[in-house]
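Shown here: final.tsv, TSV, N, CA and C atoms.
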chain	number	residue	atom	x	y	z
A	1	MET	N	-5.92	10.12	-3.54
A	1	MET	CA	-6.27	8.88	-4.19
A	1	MET	C	-7.05	9.23	-5.44
A	2	ARG	N	-6.78	8.48	-6.50
A	2	ARG	CA	-7.54	8.62	-7.74
A	2	ARG	C	-8.23	7.31	-8.02
A	3	SER	N	-9.47	7.38	-8.49
A	3	SER	CA	-10.23	6.20	-8.87
A	3	SER	C	-10.72	6.36	-10.30
A	4	PHE	N	-10.77	5.26	-11.02
A	4	PHE	CA	-11.22	5.27	-12.41
A	4	PHE	C	-12.26	4.18	-12.61
A	5	ARG	N	-13.18	4.42	-13.50
A	5	ARG	CA	-14.11	3.38	-13.94
A	5	ARG	C	-13.92	3.29	-15.44
A	6	LEU	N	-13.55	2.13	-15.92
A	6	LEU	CA	-13.35	1.94	-17.34
A	6	LEU	C	-14.70	1.88	-18.04
A	7	ARG	N	-14.68	1.88	-19.35
A	7	ARG	CA	-15.94	1.78	-20.10
A	7	ARG	C	-16.72	0.56	-19.68
A	8	ASN	N	-15.98	-0.48	-19.36
A	8	ASN	CA	-16.62	-1.66	-18.78
A	8	ASN	C	-16.95	-1.25	-17.34
A	9	PRO	N	-18.23	-1.11	-16.99
A	9	PRO	CA	-18.58	-0.59	-15.66
A	9	PRO	C	-18.24	-1.55	-14.52
A	10	ARG	N	-17.74	-2.72	-14.83
A	10	ARG	CA	-17.42	-3.70	-13.79
A	10	ARG	C	-15.96	-3.63	-13.34
A	11	THR	N	-15.10	-2.94	-14.09
A	11	THR	CA	-13.68	-2.89	-13.76
A	11	THR	C	-13.34	-1.54	-13.16
A	12	GLY	N	-12.74	-1.57	-11.97
A	12	GLY	CA	-12.35	-0.33	-11.31
A	12	GLY	C	-10.86	-0.28	-11.05
A	13	ILE	N	-10.32	0.92	-11.11
A	13	ILE	CA	-8.91	1.15	-10.83
A	13	ILE	C	-8.82	2.26	-9.80
A	14	ALA	N	-8.02	2.04	-8.76
A	14	ALA	CA	-7.76	3.09	-7.77
A	14	ALA	C	-6.25	3.16	-7.59
A	15	GLN	N	-5.75	4.36	-7.32
A	15	GLN	CA	-4.32	4.49	-7.11
A	15	GLN	C	-4.05	5.59	-6.10
A	16	GLY	N	-2.88	5.52	-5.47
A	16	GLY	CA	-2.50	6.53	-4.51
A	16	GLY	C	-1.02	6.50	-4.23
A	17	ASP	N	-0.56	7.48	-3.48
A	17	ASP	CA	0.84	7.59	-3.07
A	17	ASP	C	0.82	8.13	-1.64
A	18	ILE	N	1.31	7.35	-0.69
A	18	ILE	CA	1.19	7.72	0.72
A	18	ILE	C	2.52	7.60	1.46
A	19	GLU	N	2.68	8.45	2.45
A	19	GLU	CA	3.85	8.34	3.32
A	19	GLU	C	3.57	7.23	4.34
A	20	VAL	N	4.44	6.23	4.36
A	20	VAL	CA	4.28	5.13	5.31
A	20	VAL	C	4.82	5.54	6.67
A	21	PHE	N	5.97	6.20	6.70
A	21	PHE	CA	6.51	6.77	7.94
A	21	PHE	C	7.65	7.73	7.61
A	22	SER	N	7.98	8.57	8.59
A	22	SER	CA	9.11	9.48	8.53
A	22	SER	C	9.65	9.59	9.95
A	23	GLU	N	10.87	9.07	10.18
A	23	GLU	CA	11.38	8.99	11.56
A	23	GLU	C	12.76	9.60	11.77
A	24	PHE	N	13.38	10.13	10.73
A	24	PHE	CA	14.75	10.62	10.91
A	24	PHE	C	14.81	11.83	11.85
A	25	ASP	N	13.76	12.64	11.88
A	25	ASP	CA	13.77	13.83	12.73
A	25	ASP	C	13.25	13.57	14.14
A	26	SER	N	12.61	12.42	14.35
A	26	SER	CA	12.04	12.13	15.67
A	26	SER	C	12.83	11.06	16.43
A	27	GLY	N	13.85	10.49	15.80
A	27	GLY	CA	14.63	9.45	16.46
A	27	GLY	C	13.90	8.14	16.62
A	28	GLY	N	12.97	7.84	15.70
A	28	GLY	CA	12.20	6.60	15.76
A	28	GLY	C	13.06	5.37	15.52
A	29	SER	N	12.51	4.22	15.83
A	29	SER	CA	13.27	2.97	15.78
A	29	SER	C	13.71	2.58	14.37
A	30	MET	N	13.01	3.01	13.34
A	30	MET	CA	13.47	2.70	11.99
A	30	MET	C	14.78	3.43	11.69
A	31	TRP	N	14.93	4.63	12.24
A	31	TRP	CA	16.13	5.41	12.00
A	31	TRP	C	17.27	5.02	12.94
A	32	THR	N	16.95	4.72	14.18
A	32	THR	CA	18.01	4.37	15.14
A	32	THR	C	18.44	2.92	15.01
A	33	GLY	N	17.58	2.07	14.44
A	33	GLY	CA	17.92	0.65	14.27
A	33	GLY	C	17.63	-0.19	15.49
A	34	ALA	N	16.93	0.35	16.47
A	34	ALA	CA	16.58	-0.39	17.68
A	34	ALA	C	15.07	-0.36	17.88
A	35	GLY	N	14.49	-1.50	18.23
A	35	GLY	CA	13.05	-1.58	18.46
A	35	GLY	C	12.33	-2.20	17.28
A	36	PRO	N	10.99	-2.03	17.23
A	36	PRO	CA	10.19	-2.65	16.16
A	36	PRO	C	10.66	-2.18	14.79
A	37	ARG	N	10.77	-3.12	13.88
A	37	ARG	CA	11.29	-2.80	12.55
A	37	ARG	C	10.24	-3.03	11.47
A	38	GLU	N	8.98	-2.81	11.81
A	38	GLU	CA	7.87	-2.95	10.86
A	38	GLU	C	6.92	-1.79	11.06
A	39	ARG	N	6.42	-1.26	9.96
A	39	ARG	CA	5.38	-0.23	10.00
A	39	ARG	C	4.24	-0.67	9.10
A	40	ARG	N	3.01	-0.41	9.56
A	40	ARG	CA	1.79	-0.73	8.81
A	40	ARG	C	0.95	0.52	8.68
A	41	LEU	N	0.34	0.64	7.53
A	41	LEU	CA	-0.57	1.75	7.28
A	41	LEU	C	-1.76	1.20	6.50
A	42	THR	N	-2.95	1.44	6.99
A	42	THR	CA	-4.16	0.93	6.33
A	42	THR	C	-4.64	1.93	5.28
A	43	VAL	N	-4.93	1.43	4.09
A	43	VAL	CA	-5.49	2.21	2.99
A	43	VAL	C	-6.93	1.76	2.79
A	44	ALA	N	-7.86	2.71	2.77
A	44	ALA	CA	-9.27	2.42	2.49
A	44	ALA	C	-9.61	2.90	1.09
A	45	PHE	N	-10.25	2.05	0.30
A	45	PHE	CA	-10.66	2.43	-1.05
A	45	PHE	C	-11.84	3.41	-0.97
A	46	ASP	N	-11.93	4.32	-1.95
A	46	ASP	CA	-13.07	5.24	-2.03
A	46	ASP	C	-14.38	4.49	-2.25
A	47	HIS	N	-14.31	3.41	-3.03
A	47	HIS	CA	-15.48	2.60	-3.34
A	47	HIS	C	-15.11	1.13	-3.17
A	48	PRO	N	-15.97	0.33	-2.56
A	48	PRO	CA	-15.63	-1.09	-2.37
A	48	PRO	C	-15.66	-1.84	-3.70
A	49	TYR	N	-14.83	-2.86	-3.77
A	49	TYR	CA	-14.82	-3.78	-4.90
A	49	TYR	C	-15.79	-4.93	-4.62
A	50	ARG	N	-16.19	-5.66	-5.65
A	50	ARG	CA	-17.08	-6.81	-5.48
A	50	ARG	C	-16.34	-7.94	-4.78
A	51	VAL	N	-15.09	-8.13	-5.14
A	51	VAL	CA	-14.18	-9.12	-4.54
A	51	VAL	C	-12.85	-8.41	-4.31
A	52	PRO	N	-11.95	-8.95	-3.48
A	52	PRO	CA	-10.66	-8.28	-3.27
A	52	PRO	C	-9.92	-8.07	-4.60
A	53	PRO	N	-9.45	-6.85	-4.85
A	53	PRO	CA	-8.77	-6.56	-6.10
A	53	PRO	C	-7.31	-7.01	-6.08
A	54	ALA	N	-6.68	-6.96	-7.23
A	54	ALA	CA	-5.22	-7.14	-7.31
A	54	ALA	C	-4.61	-5.80	-6.90
A	55	VAL	N	-3.60	-5.85	-6.03
A	55	VAL	CA	-2.94	-4.62	-5.55
A	55	VAL	C	-1.46	-4.70	-5.87
A	56	GLN	N	-0.96	-3.69	-6.55
A	56	GLN	CA	0.46	-3.55	-6.87
A	56	GLN	C	1.00	-2.41	-6.01
A	57	ILE	N	2.14	-2.62	-5.37
A	57	ILE	CA	2.72	-1.59	-4.51
A	57	ILE	C	4.21	-1.46	-4.80
A	58	THR	N	4.70	-0.23	-4.79
A	58	THR	CA	6.12	0.02	-5.03
A	58	THR	C	6.58	1.21	-4.19
A	59	ALA	N	7.85	1.30	-3.93
A	59	ALA	CA	8.39	2.42	-3.17
A	59	ALA	C	8.52	3.63	-4.10
A	60	SER	N	7.89	4.74	-3.72
A	60	SER	CA	8.06	5.97	-4.49
A	60	SER	C	9.11	6.86	-3.83
A	61	LEU	N	9.47	6.55	-2.57
A	61	LEU	CA	10.58	7.21	-1.88
A	61	LEU	C	11.10	6.26	-0.82
A	62	MET	N	12.40	6.06	-0.80
A	62	MET	CA	13.03	5.26	0.24
A	62	MET	C	14.33	5.96	0.61
A	63	ASP	N	14.34	6.58	1.78
A	63	ASP	CA	15.48	7.36	2.26
A	63	ASP	C	16.18	6.54	3.33
A	64	MET	N	17.38	6.01	3.00
A	64	MET	CA	18.10	5.11	3.89
A	64	MET	C	19.49	5.67	4.19
A	65	HIS	N	20.00	5.32	5.36
A	65	HIS	CA	21.33	5.77	5.76
A	65	HIS	C	22.39	5.18	4.84
A	66	GLN	N	23.35	5.98	4.43
A	66	GLN	CA	24.36	5.54	3.46
A	66	GLN	C	25.38	4.57	4.04
A	67	ASP	N	25.54	4.50	5.36
A	67	ASP	CA	26.57	3.65	5.95
A	67	ASP	C	26.08	2.26	6.35
A	68	THR	N	24.83	1.95	6.07
A	68	THR	CA	24.31	0.63	6.43
A	68	THR	C	23.75	-0.06	5.19
A	69	ALA	N	23.59	-1.36	5.29
A	69	ALA	CA	23.01	-2.13	4.18
A	69	ALA	C	21.54	-1.75	4.01
A	70	HIS	N	21.07	-1.81	2.79
A	70	HIS	CA	19.67	-1.47	2.48
A	70	HIS	C	18.88	-2.76	2.38
A	71	ARG	N	18.31	-3.17	3.49
A	71	ARG	CA	17.48	-4.39	3.55
A	71	ARG	C	16.04	-3.95	3.81
A	72	SER	N	15.14	-4.33	2.94
A	72	SER	CA	13.75	-3.92	3.16
A	72	SER	C	12.78	-4.79	2.37
A	73	GLU	N	11.55	-4.73	2.83
A	73	GLU	CA	10.44	-5.41	2.16
A	73	GLU	C	9.25	-4.46	2.21
A	74	LEU	N	8.57	-4.29	1.09
A	74	LEU	CA	7.39	-3.45	1.01
A	74	LEU	C	6.30	-4.28	0.34
A	75	VAL	N	5.22	-4.58	1.07
A	75	VAL	CA	4.18	-5.48	0.55
A	75	VAL	C	2.79	-4.97	0.91
A	76	ALA	N	1.80	-5.48	0.18
A	76	ALA	CA	0.39	-5.26	0.51
A	76	ALA	C	-0.12	-6.52	1.20
A	77	GLU	N	-0.74	-6.34	2.36
A	77	GLU	CA	-1.29	-7.47	3.11
A	77	GLU	C	-2.74	-7.18	3.48
A	78	ASN	N	-3.46	-8.21	3.86
A	78	ASN	CA	-4.86	-8.09	4.30
A	78	ASN	C	-5.72	-7.38	3.26
A	79	ILE	N	-5.56	-7.76	2.00
A	79	ILE	CA	-6.33	-7.14	0.92
A	79	ILE	C	-7.78	-7.61	1.01
A	80	SER	N	-8.70	-6.65	1.02
A	80	SER	CA	-10.13	-6.96	1.07
A	80	SER	C	-10.86	-6.09	0.06
A	81	GLU	N	-12.17	-6.21	0.03
A	81	GLU	CA	-12.99	-5.40	-0.88
A	81	GLU	C	-12.92	-3.91	-0.54
A	82	THR	N	-12.58	-3.58	0.70
A	82	THR	CA	-12.63	-2.19	1.16
A	82	THR	C	-11.26	-1.53	1.36
A	83	GLY	N	-10.17	-2.32	1.30
A	83	GLY	CA	-8.86	-1.72	1.50
A	83	GLY	C	-7.77	-2.76	1.71
A	84	PHE	N	-6.61	-2.31	2.17
A	84	PHE	CA	-5.46	-3.19	2.40
A	84	PHE	C	-4.48	-2.51	3.33
A	85	ASP	N	-3.49	-3.25	3.79
A	85	ASP	CA	-2.42	-2.70	4.62
A	85	ASP	C	-1.14	-2.59	3.81
A	86	VAL	N	-0.50	-1.43	3.86
A	86	VAL	CA	0.85	-1.26	3.33
A	86	VAL	C	1.78	-1.65	4.47
A	87	VAL	N	2.72	-2.57	4.21
A	87	VAL	CA	3.62	-3.05	5.25
A	87	VAL	C	5.06	-2.88	4.79
A	88	PHE	N	5.85	-2.19	5.61
A	88	PHE	CA	7.28	-2.02	5.35
A	88	PHE	C	8.04	-2.70	6.48
A	89	ARG	N	9.02	-3.51	6.11
A	89	ARG	CA	9.87	-4.18	7.10
A	89	ARG	C	11.33	-3.99	6.74
A	90	THR	N	12.17	-3.87	7.79
A	90	THR	CA	13.61	-3.89	7.60
A	90	THR	C	14.22	-4.66	8.76
A	91	TRP	N	15.50	-4.99	8.66
A	91	TRP	CA	16.13	-5.81	9.69
A	91	TRP	C	17.63	-5.52	9.75
A	92	SER	N	18.27	-6.17	10.68
A	92	SER	CA	19.71	-6.06	10.91
A	92	SER	C	20.09	-4.60	11.17
A	93	ASP	N	21.17	-4.11	10.55
A	93	ASP	CA	21.66	-2.76	10.86
A	93	ASP	C	21.08	-1.68	9.95
A	94	SER	N	20.14	-2.01	9.08
A	94	SER	CA	19.55	-1.02	8.17
A	94	SER	C	18.92	0.12	8.95
A	95	ARG	N	19.17	1.33	8.49
A	95	ARG	CA	18.59	2.53	9.11
A	95	ARG	C	17.79	3.26	8.04
A	96	VAL	N	16.50	3.41	8.30
A	96	VAL	CA	15.59	3.98	7.30
A	96	VAL	C	14.99	5.28	7.85
A	97	ALA	N	15.15	6.35	7.11
A	97	ALA	CA	14.64	7.65	7.53
A	97	ALA	C	13.16	7.81	7.21
A	98	ARG	N	12.79	7.45	5.99
A	98	ARG	CA	11.39	7.60	5.58
A	98	ARG	C	11.09	6.76	4.35
A	99	VAL	N	9.81	6.43	4.21
A	99	VAL	CA	9.34	5.61	3.09
A	99	VAL	C	7.99	6.14	2.63
A	100	ARG	N	7.84	6.23	1.32
A	100	ARG	CA	6.55	6.55	0.71
A	100	ARG	C	6.25	5.43	-0.27
A	101	ALA	N	4.98	5.06	-0.39
A	101	ALA	CA	4.58	3.94	-1.25
A	101	ALA	C	3.53	4.39	-2.26
A	102	ALA	N	3.73	4.00	-3.52
A	102	ALA	CA	2.74	4.19	-4.56
A	102	ALA	C	2.02	2.86	-4.75
A	103	TRP	N	0.70	2.91	-4.91
A	103	TRP	CA	-0.06	1.67	-5.05
A	103	TRP	C	-1.11	1.80	-6.15
A	104	LEU	N	-1.52	0.63	-6.67
A	104	LEU	CA	-2.51	0.55	-7.72
A	104	LEU	C	-3.37	-0.67	-7.46
A	105	ALA	N	-4.68	-0.49	-7.43
A	105	ALA	CA	-5.62	-1.60	-7.24
A	105	ALA	C	-6.51	-1.70	-8.48
A	106	ILE	N	-6.66	-2.92	-8.99
A	106	ILE	CA	-7.52	-3.17	-10.15
A	106	ILE	C	-8.40	-4.36	-9.82
A	107	GLY	N	-9.71	-4.19	-10.01
A	107	GLY	CA	-10.59	-5.29	-9.70
A	107	GLY	C	-12.01	-5.09	-10.18
A	108	ASP	N	-12.82	-6.07	-9.85
A	108	ASP	CA	-14.22	-6.13	-10.24
A	108	ASP	C	-15.06	-5.30	-9.27
A	109	LEU	N	-15.85	-4.36	-9.82
A	109	LEU	CA	-16.72	-3.52	-9.00
A	109	LEU	C	-18.13	-4.09	-8.96
A	110	PRO	N	-18.88	-3.75	-7.91
A	110	PRO	CA	-20.29	-4.12	-7.92
A	110	PRO	C	-20.98	-3.42	-9.09
A	111	PHE	N	-22.01	-4.06	-9.63
A	111	PHE	CA	-22.71	-3.51	-10.77
A	111	PHE	C	-24.20	-3.57	-10.49
A	112	GLU	N	-24.93	-2.54	-10.88
A	112	GLU	CA	-26.35	-2.45	-10.53
A	112	GLU	C	-27.19	-3.59	-11.08
A	113	ASP	N	-26.75	-4.23	-12.16
A	113	ASP	CA	-27.51	-5.35	-12.72
A	113	ASP	C	-27.15	-6.71	-12.08
A	114	ASP	N	-26.20	-6.71	-11.18
A	114	ASP	CA	-25.85	-7.96	-10.48
A	114	ASP	C	-26.97	-8.33	-9.52
A	115	TRP	N	-27.27	-9.60	-9.44
A	115	TRP	CA	-28.23	-10.09	-8.45
A	115	TRP	C	-27.84	-11.47	-8.03
A	116	ASP	N	-28.18	-11.81	-6.84
A	116	ASP	CA	-27.76	-13.05	-6.22
A	116	ASP	C	-28.91	-14.05	-6.21
A	117	VAL	N	-28.67	-15.23	-6.77
A	117	VAL	CA	-29.69	-16.28	-6.78
A	117	VAL	C	-29.21	-17.39	-5.87
A	118	GLU	N	-29.94	-17.63	-4.82
A	118	GLU	CA	-29.58	-18.73	-3.91
A	118	GLU	C	-30.78	-19.55	-3.59

Just give me the structure of the file as C-alpha cells.
Amino acid sequence: MRSFRLRNPRTGIAQGDIEVFSEFDSGGSMWTGAGPRERRLTVAFDHPYRVPPAVQITASLMDMHQDTAHRSELVAENISETGFDVVFRTWSDSRVARVRAAWLAIGDLPFEDDWDVE
C-alpha cells in the first residue's frame, strides 16, 4: 500500500493492489462454478481519514475460463474512515480462476488544528 499527503495537509491519498482470490489450483467454487459466488477481502488504511473517503476500485487481473461467459462485479462496500471491503461477485456458468484488484482512496484527513465545538 502507498499513502500520500498532498501539500494541503487535509487531503490524503492511499492506493494498493491486492489479490482477492486464486482458486484454479485448489478447485474452489469460483473455478468450479458451484457454491458461493462472492468473495470479500477487507482493506485497512495505514492512517484513518476524518470521514469516509472516495474509493475507486478496478480489476488489475481477471483470469476467467475461455468457454464460459464473463459475468462479474467488482465493488467497494462498507467504506469507513479506517478501511473498506473489496467485493467480487459472479453468477451463472462463469468460471473465475483468480482476481486481483487495484484501488485508490482519496479523502479528508484529520488535521492537528481541527477542534470540535459542541

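For the atom pair formed by atom CA of Ala69 of chain A and atom CA of Ile18 of chain A, the distance is 24.2 Å, given to one decimal.
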
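Atom C of Val96 of chain A sits 8.5 Å away from atom N of Asp25 of chain A.
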
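Atom pair atom CA of Glu38 of chain A / atom CA of Thr90 of chain A has a distance of 6.7 Å (rounded to one decimal).
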
Fill in: Shell around Leu41 of chain A at 8 Å using all atoms listed in the file, local window under 4 positions removed, as a PyMOL selection string
chain A and resi 19-21+84-88

Could you write out that same residue set with N, CA and C atoms as a compact mmCIF listing (two decimals), in the frame of the given file?
# COMPACT_ATOMS: atom_id res chain seq x y z
N GLU A 19 2.68 8.45 2.45
CA GLU A 19 3.85 8.34 3.32
C GLU A 19 3.57 7.23 4.34
N VAL A 20 4.44 6.23 4.36
CA VAL A 20 4.28 5.13 5.31
C VAL A 20 4.82 5.54 6.67
N PHE A 21 5.97 6.20 6.70
CA PHE A 21 6.51 6.77 7.94
C PHE A 21 7.65 7.73 7.61
N PHE A 84 -6.61 -2.31 2.17
CA PHE A 84 -5.46 -3.19 2.40
C PHE A 84 -4.48 -2.51 3.33
N ASP A 85 -3.49 -3.25 3.79
CA ASP A 85 -2.42 -2.70 4.62
C ASP A 85 -1.14 -2.59 3.81
N VAL A 86 -0.50 -1.43 3.86
CA VAL A 86 0.85 -1.26 3.33
C VAL A 86 1.78 -1.65 4.47
N VAL A 87 2.72 -2.57 4.21
CA VAL A 87 3.62 -3.05 5.25
C VAL A 87 5.06 -2.88 4.79
N PHE A 88 5.85 -2.19 5.61
CA PHE A 88 7.28 -2.02 5.35
C PHE A 88 8.04 -2.70 6.48

Worksheet item: What are the DSSP strand (DSSP E) residues of chain A, as a ChimeraX atom specification?
Response: /A:2-5,11-22,38-44,54-64,73-77,83-89,96-108

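Within the 12 Å cut-off around Ile79 of chain A, using only C-alpha atoms and omitting residues fewer than 4 positions from it on the same chain, the listed residues are Thr42, Val43, Ala44, Phe45, Pro48, Tyr49, Val51, Pro52, Pro53, Ala54, Val55, Gln56, Ile57, Val75, Gly83, Phe84, Asp85, Val86, Val87, Ala105, Ile106 and Gly107 of chain A.
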
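With distances restricted to only N, CA and C atoms, A:Ser94 is the closest residue to Met30 of chain A from A:Ser94, A:Ser60, A:Phe111, A:Ala102.
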
Using the file's own x, y and z axes, what box holds all listed atoms of segment 63-80 of chain A with 6 Å on each side, keeping edges along x, y and z, and what are its centre and edge lengths in Å to one decimal, as lines of an AutoDock Vina configuration file?
center_x = 7.9
center_y = -0.4
center_z = 3.2
size_x = 49.4
size_y = 27.6
size_z = 18.4

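Among the candidates A:Asp108, A:Asp17, A:Asp113, A:Asp93, the one nearest to Thr32 of chain A when counting all atoms listed in the file is A:Asp93.
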
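Every protein, DNA or RNA residue with an atom at most 7 Å from Ala59 of chain A, where only N, CA and C atoms count and chain neighbours fewer than 5 positions away do not, is listed here: Leu74, Val99, Arg100, Ala101 and Ala102 of chain A.
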
Item to complete: Between A:Ala97, A:Leu109, A:Arg39, A:Trp103, single out the one closest to Thr11 of chain A, counting only N, CA and C atoms.
Response: A:Leu109

Write down as a compact mmCIF listing (two decimals) with N, CA and C atoms, in the frame of the given file the residues of chain A whose backbone DSSP state falls under alpha helix (DSSP H).
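Output below, filename out_13.txt:
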# COMPACT_ATOMS: atom_id res chain seq x y z
N SER A 29 12.51 4.22 15.83
CA SER A 29 13.27 2.97 15.78
C SER A 29 13.71 2.58 14.37
N MET A 30 13.01 3.01 13.34
CA MET A 30 13.47 2.70 11.99
C MET A 30 14.78 3.43 11.69
N TRP A 31 14.93 4.63 12.24
CA TRP A 31 16.13 5.41 12.00
C TRP A 31 17.27 5.02 12.94
N THR A 32 16.95 4.72 14.18
CA THR A 32 18.01 4.37 15.14
C THR A 32 18.44 2.92 15.01

Write segment 17-26 of chain A as a JSON list (two decimals), in the coordinates of the input, completed to all heavy atoms.
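As a result, selection.json now contains:
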[["chain", "number", "residue", "atom", "x", "y", "z"],
["A", 17, "ASP", "N", -0.56, 7.48, -3.48],
["A", 17, "ASP", "CA", 0.84, 7.59, -3.07],
["A", 17, "ASP", "C", 0.82, 8.13, -1.64],
["A", 17, "ASP", "O", 0.30, 9.23, -1.42],
["A", 17, "ASP", "CB", 1.59, 8.53, -4.01],
["A", 17, "ASP", "CG", 3.08, 8.46, -3.80],
["A", 17, "ASP", "OD1", 3.69, 7.45, -4.18],
["A", 17, "ASP", "OD2", 3.64, 9.43, -3.24],
["A", 18, "ILE", "N", 1.31, 7.35, -0.69],
["A", 18, "ILE", "CA", 1.19, 7.72, 0.72],
["A", 18, "ILE", "C", 2.52, 7.60, 1.46],
["A", 18, "ILE", "O", 3.34, 6.77, 1.12],
["A", 18, "ILE", "CB", 0.14, 6.84, 1.44],
["A", 18, "ILE", "CG1", 0.48, 5.37, 1.25],
["A", 18, "ILE", "CG2", -1.26, 7.13, 0.94],
["A", 18, "ILE", "CD1", -0.37, 4.43, 2.06],
["A", 19, "GLU", "N", 2.68, 8.45, 2.45],
["A", 19, "GLU", "CA", 3.85, 8.34, 3.32],
["A", 19, "GLU", "C", 3.57, 7.23, 4.34],
["A", 19, "GLU", "O", 2.59, 7.28, 5.06],
["A", 19, "GLU", "CB", 4.11, 9.65, 4.04],
["A", 19, "GLU", "CG", 5.35, 9.59, 4.92],
["A", 19, "GLU", "CD", 5.68, 10.91, 5.56],
["A", 19, "GLU", "OE1", 5.07, 11.21, 6.60],
["A", 19, "GLU", "OE2", 6.53, 11.63, 5.02],
["A", 20, "VAL", "N", 4.44, 6.23, 4.36],
["A", 20, "VAL", "CA", 4.28, 5.13, 5.31],
["A", 20, "VAL", "C", 4.82, 5.54, 6.67],
["A", 20, "VAL", "O", 4.20, 5.30, 7.70],
["A", 20, "VAL", "CB", 4.99, 3.85, 4.79],
["A", 20, "VAL", "CG1", 4.80, 2.69, 5.75],
["A", 20, "VAL", "CG2", 4.48, 3.48, 3.40],
["A", 21, "PHE", "N", 5.97, 6.20, 6.70],
["A", 21, "PHE", "CA", 6.51, 6.77, 7.94],
["A", 21, "PHE", "C", 7.65, 7.73, 7.61],
["A", 21, "PHE", "O", 8.20, 7.72, 6.52],
["A", 21, "PHE", "CB", 7.01, 5.68, 8.90],
["A", 21, "PHE", "CG", 8.21, 4.93, 8.41],
["A", 21, "PHE", "CD1", 9.49, 5.38, 8.68],
["A", 21, "PHE", "CD2", 8.05, 3.77, 7.66],
["A", 21, "PHE", "CE1", 10.59, 4.69, 8.22],
["A", 21, "PHE", "CE2", 9.15, 3.07, 7.19],
["A", 21, "PHE", "CZ", 10.43, 3.54, 7.47],
["A", 22, "SER", "N", 7.98, 8.57, 8.59],
["A", 22, "SER", "CA", 9.11, 9.48, 8.53],
["A", 22, "SER", "C", 9.65, 9.59, 9.95],
["A", 22, "SER", "O", 8.97, 10.11, 10.83],
["A", 22, "SER", "CB", 8.68, 10.85, 8.01],
["A", 22, "SER", "OG", 9.78, 11.73, 7.98],
["A", 23, "GLU", "N", 10.87, 9.07, 10.18],
["A", 23, "GLU", "CA", 11.38, 8.99, 11.56],
["A", 23, "GLU", "C", 12.76, 9.60, 11.77],
["A", 23, "GLU", "O", 13.25, 9.61, 12.89],
["A", 23, "GLU", "CB", 11.40, 7.54, 12.03],
["A", 23, "GLU", "CG", 10.03, 6.93, 12.10],
["A", 23, "GLU", "CD", 10.00, 5.57, 12.77],
["A", 23, "GLU", "OE1", 11.06, 5.06, 13.15],
["A", 23, "GLU", "OE2", 8.90, 5.03, 12.91],
["A", 24, "PHE", "N", 13.38, 10.13, 10.73],
["A", 24, "PHE", "CA", 14.75, 10.62, 10.91],
["A", 24, "PHE", "C", 14.81, 11.83, 11.85],
["A", 24, "PHE", "O", 15.78, 12.01, 12.57],
["A", 24, "PHE", "CB", 15.39, 10.96, 9.57],
["A", 24, "PHE", "CG", 14.77, 12.13, 8.87],
["A", 24, "PHE", "CD1", 15.31, 13.40, 8.99],
["A", 24, "PHE", "CD2", 13.66, 11.95, 8.08],
["A", 24, "PHE", "CE1", 14.74, 14.47, 8.34],
["A", 24, "PHE", "CE2", 13.08, 13.02, 7.42],
["A", 24, "PHE", "CZ", 13.61, 14.28, 7.55],
["A", 25, "ASP", "N", 13.76, 12.64, 11.88],
["A", 25, "ASP", "CA", 13.77, 13.83, 12.73],
["A", 25, "ASP", "C", 13.25, 13.57, 14.14],
["A", 25, "ASP", "O", 13.45, 14.39, 15.04],
["A", 25, "ASP", "CB", 12.99, 14.97, 12.08],
["A", 25, "ASP", "CG", 11.55, 14.60, 11.77],
["A", 25, "ASP", "OD1", 11.21, 13.41, 11.83],
["A", 25, "ASP", "OD2", 10.77, 15.50, 11.44],
["A", 26, "SER", "N", 12.61, 12.42, 14.35],
["A", 26, "SER", "CA", 12.04, 12.13, 15.67],
["A", 26, "SER", "C", 12.83, 11.06, 16.43],
["A", 26, "SER", "O", 12.50, 10.75, 17.57],
["A", 26, "SER", "CB", 10.58, 11.65, 15.52],
["A", 26, "SER", "OG", 10.55, 10.41, 14.82]]
